[in-house]
Number of protein chains: 2
Amino acid sequence: MSELSRASGVSVATIKFYRREGLLPPGVAVSATRARYDESHVRRLRMVRALVEVARLPLSVVRDVVTAIEDHSGMHEVLGTAHTALSRPALSRPGLSRPGEAPTTRAVQQVDGLVRRQRWRVHAGSPSRAALARALDAYDSLGRSMPVDRLDVYAEAAHAVAAADVAGVPEDSREEAVEYAVVGTVLSEPILLALRRLAHEDVSARRFRTTRRPRD
Amino acid sequence: MSELSRASGVSVATIKFYRREGLLPPGVAVSATRARYDESHVRRLRMVRALVEVARLPLSVVRDVVTAIEDHSGMHEVLGTAHTALSRPALSRPGLSRPGEAPTTRAVQQVDGLVRRQRWRVHAGSPSRAALARALDAYDSLGRSMPVDRLDVYAEAAHAVAAADVAGVPEDSREEAVEYAVVGTVLSEPILLALRRLAHEDVSARRFRTTRRPRD
């Protein structure tokens with residue numbers, strides 16, 4: 001186990017904790033005090049740690065992902081479970097959306113229309129649909145409404161980003177794929193938001209700096 | 001003042017508070033107990049309230065925006081001040097970026113390279129540049145590195161979003177423009193992140209569902 005700790009960078013105490021929580025399968029016992037662990041344990045440990053420490057998912061949710069992997073689900077199903085897990089915390093920023101509340105019919109219809117127009121293959125019950133509907137409700141709650149053409153621009157931009165993301169997913173192991181997808185999604189969100197703000201500066205300079213001079 | 005409260009939807013107590021904090025100019029006194037307020041006060045109040053309640057900016061930062069408006073700065077400068085104000089809280093989510101820390105030279109060079117390749121007109125000292133560099137550092141801290149071609153895909157997607165955003169900015173008053181830009185940016189971030197996750201589901205279905213069947 002101390003070798004496993006060295007290979008994975010996870011402390012022995014944490015490895016024992018993950019074992020007790022059922023997040024790591026046992027090694028093959030080779031004596032009363034020693035068990036053999038292999039590369040699959042190292043990959044699993046790295047994935048679990050990334051979900052806990054980087055994505056800050058609760059253990060119960062990490063267990064859902066582990067269960068999907070151990071059920072021998074296909075790559076799409078395992079990634080879907082991971083993304084479902086992820087839909088919860090990241091969108092519940094204070095004041096912006098309320099994950100417990102059901103979205104309004106109007107917002108659900110906006111999402112349905114978008115999915116139809118974009119011909120996206122997404123589950124009717126996907127939690128990202130509900131998260132999007134709630135985000136649209138929060139936007140509308142200030143008396144504005146997202147114009148359909150802007151929502152389509154957003155959707156196409158988001159799809160270009162998602163295509164680049166998924167193209168990079170490693171196919172060799174589902175653990176590596178999950179770690180890559182979840183950590184990549186979480187860590188790249190601040191990159192995307194910062195890029196948008198930097199791009200605002202560029203677009204604003206092009207639109208306003210040439211046509212309107214400060215009155216000085 | 002009670003009419004101003006009705007017209008703006010902001011309580012009299014809050015209006016008095018904003019007055020004391022210098023965020024709202026005085027009305028024109030018409031008697032010992034009455035002052036005249038006009039549409040410009042209503043617009044200012046709506047903007048201040050949106051910056052405080054929706055964007056959750058500290059009063060000191062809201063004051064910077066008000067100062068930029070009262071200095072008769074041009075639209076680009078006023079929007080720039082608003083976006084600078086915004087760069088602080090939204091990117092300081094726990095564990096993801098540390099606004100206090102200086103970005104590494106490597107990350108700064110990544111941003112410089114991106115701005116050059118994309119030919120973006122952005123200030124050398126723009127806080128969004130530093131925010132982006134810190135987000136890249138956080139991404140790299142897990143032993144991965146954002147590939148240049150993916151960063152360019154992200155940048156182009158972010159620019160398409162920003163162009164749609166800025167096209168909608170009203171030009172009639174700088175207060176309305178600031179309110180629109182700041183509230184729109186903050187409230188649409190969860191929309192963009194939810195869209196990306198929904199798009200992940202579509203791209204993943206196209207890539208993995210047809211080539212790999214679950215083993216059942």
# chains A, B, ... in the order shown; residues from 1 in each chain; ligands from 1
call {"tool": "interface_residues", "arguments": {"of": "chain A", "to": "chain B", "cutoff": "6 Å", "atoms": "only C-alpha atoms", "output": "number ranges by chain"}}
result
A: 73-74, 76, 120-122, 128, 132, 135, 139, 154, 157-159, 161-162, 187, 190-191, 194-196, 198-200, 202, 208-209, 214
call {"tool": "write_last_selection", "arguments": {"atoms": "N, CA, C and O atoms", "output": "CSV table (one decimal), in the first residue's frame"}}
result
chain,number,residue,atom,x,y,z
A,73,SER,N,-20.4,-0.2,-17.7
A,73,SER,CA,-21.1,0.6,-18.6
A,73,SER,C,-20.2,1.1,-19.7
A,73,SER,O,-19.0,1.1,-19.6
A,74,GLY,N,-20.8,1.5,-20.9
A,74,GLY,CA,-20.0,2.0,-22.0
A,74,GLY,C,-19.5,3.4,-21.7
A,74,GLY,O,-19.9,4.0,-20.7
A,76,HIS,N,-19.9,6.3,-23.1
A,76,HIS,CA,-20.9,7.3,-23.1
A,76,HIS,C,-21.7,7.4,-21.8
A,76,HIS,O,-21.9,8.4,-21.3
A,120,TRP,N,-29.5,18.6,-31.3
A,120,TRP,CA,-28.6,18.0,-30.3
A,120,TRP,C,-29.2,16.7,-29.8
A,120,TRP,O,-30.4,16.6,-29.5
A,121,ARG,N,-28.3,15.7,-29.7
A,121,ARG,CA,-28.8,14.4,-29.2
A,121,ARG,C,-28.6,14.4,-27.7
A,121,ARG,O,-27.6,13.9,-27.2
A,122,VAL,N,-29.6,14.9,-27.0
A,122,VAL,CA,-29.5,14.8,-25.5
A,122,VAL,C,-30.8,14.2,-24.9
A,122,VAL,O,-31.9,14.4,-25.5
A,128,SER,N,-28.6,18.6,-17.3
A,128,SER,CA,-28.1,19.8,-17.9
A,128,SER,C,-29.2,20.6,-18.5
A,128,SER,O,-29.1,21.8,-18.6
A,132,LEU,N,-29.9,24.3,-17.5
A,132,LEU,CA,-30.0,25.4,-18.4
A,132,LEU,C,-31.3,26.2,-18.3
A,132,LEU,O,-31.3,27.4,-18.3
A,135,ALA,N,-31.1,28.4,-15.4
A,135,ALA,CA,-30.2,29.6,-15.6
A,135,ALA,C,-31.0,30.6,-16.5
A,135,ALA,O,-30.8,31.8,-16.3
A,139,TYR,N,-32.0,34.5,-15.5
A,139,TYR,CA,-31.7,35.6,-16.4
A,139,TYR,C,-33.0,36.4,-16.6
A,139,TYR,O,-33.0,37.7,-16.5
A,154,TYR,N,-24.7,31.5,-28.6
A,154,TYR,CA,-24.1,30.9,-27.4
A,154,TYR,C,-24.0,29.3,-27.6
A,154,TYR,O,-23.0,28.7,-27.3
A,157,ALA,N,-21.3,28.3,-30.0
A,157,ALA,CA,-20.0,28.5,-29.4
A,157,ALA,C,-19.7,27.4,-28.4
A,157,ALA,O,-18.6,26.9,-28.3
A,158,ALA,N,-20.7,27.1,-27.6
A,158,ALA,CA,-20.6,26.1,-26.5
A,158,ALA,C,-20.3,24.7,-27.2
A,158,ALA,O,-19.5,23.9,-26.7
A,159,HIS,N,-20.9,24.5,-28.4
A,159,HIS,CA,-20.7,23.2,-29.0
A,159,HIS,C,-19.3,23.1,-29.6
A,159,HIS,O,-18.7,22.0,-29.6
A,161,VAL,N,-16.7,24.5,-28.3
A,161,VAL,CA,-15.9,24.2,-27.2
A,161,VAL,C,-16.0,22.7,-26.8
A,161,VAL,O,-15.0,22.1,-26.6
A,162,ALA,N,-17.2,22.2,-26.7
A,162,ALA,CA,-17.4,20.8,-26.3
A,162,ALA,C,-16.8,19.9,-27.3
A,162,ALA,O,-16.2,18.8,-26.8
A,187,LEU,N,-11.9,22.8,-14.5
A,187,LEU,CA,-10.7,23.7,-14.5
A,187,LEU,C,-10.8,24.7,-15.7
A,187,LEU,O,-10.1,25.7,-15.6
A,190,PRO,N,-13.2,28.6,-15.6
A,190,PRO,CA,-12.7,30.0,-15.3
A,190,PRO,C,-11.9,30.5,-16.6
A,190,PRO,O,-11.8,31.7,-16.8
A,191,ILE,N,-11.2,29.6,-17.3
A,191,ILE,CA,-10.5,30.0,-18.5
A,191,ILE,C,-11.5,30.6,-19.5
A,191,ILE,O,-11.3,31.6,-20.1
A,194,ALA,N,-12.9,33.9,-18.4
A,194,ALA,CA,-11.9,35.0,-18.5
A,194,ALA,C,-11.7,35.4,-20.0
A,194,ALA,O,-11.6,36.5,-20.3
A,195,LEU,N,-11.7,34.4,-20.9
A,195,LEU,CA,-11.6,34.6,-22.3
A,195,LEU,C,-12.7,35.5,-22.8
A,195,LEU,O,-12.5,36.4,-23.6
A,196,ARG,N,-13.9,35.2,-22.3
A,196,ARG,CA,-15.1,36.0,-22.8
A,196,ARG,C,-14.9,37.4,-22.4
A,196,ARG,O,-15.3,38.4,-23.1
A,198,LEU,N,-12.1,39.0,-21.8
A,198,LEU,CA,-11.1,39.6,-22.6
A,198,LEU,C,-11.6,40.0,-24.0
A,198,LEU,O,-11.3,41.0,-24.5
A,199,ALA,N,-12.4,39.0,-24.5
A,199,ALA,CA,-13.0,39.3,-25.8
A,199,ALA,C,-14.0,40.5,-25.8
A,199,ALA,O,-14.1,41.2,-26.7
A,200,HIS,N,-14.7,40.6,-24.6
A,200,HIS,CA,-15.6,41.8,-24.5
A,200,HIS,C,-14.8,43.1,-24.7
A,200,HIS,O,-15.2,44.0,-25.3
A,202,ASP,N,-12.0,43.5,-26.4
A,202,ASP,CA,-11.7,43.7,-27.8
A,202,ASP,C,-12.9,44.1,-28.6
A,202,ASP,O,-12.8,45.1,-29.4
A,208,PHE,N,-16.8,50.8,-29.8
A,208,PHE,CA,-17.0,52.1,-29.2
A,208,PHE,C,-15.8,53.0,-29.3
A,208,PHE,O,-16.0,54.2,-29.3
A,209,ARG,N,-14.6,52.5,-29.4
A,209,ARG,CA,-13.5,53.4,-29.3
A,209,ARG,C,-13.3,54.2,-30.6
A,209,ARG,O,-12.9,55.3,-30.6
A,214,PRO,N,-13.9,59.9,-26.0
A,214,PRO,CA,-14.2,60.5,-24.7
A,214,PRO,C,-14.3,62.0,-24.8
A,214,PRO,O,-13.5,62.6,-25.6
call {"tool": "select_by_dssp", "arguments": {"residues": "segment 53-176 of chain A", "states": "helix (DSSP H, G or I)", "output": "ChimeraX atom specification"}}
result
/A:53-54,59-70,75-87,89-91,105-118,127-140,148-167,174-176
call {"tool": "residues_around", "arguments": {"residues": "Ser40 of chain B", "least_positions_apart": "3", "cutoff": "12 Å", "atoms": "only C-alpha atoms", "output": "VMD selection string"}}
result
chain B and resid 4 7 to 8 24 to 27 36 to 37 43 to 47 69 172 to 176
call {"tool": "select_by_dssp", "arguments": {"residues": "chain B", "states": "strand (DSSP E or B)", "output": "NGL selection string"}}
result
:B and (28-29 or 35-36)
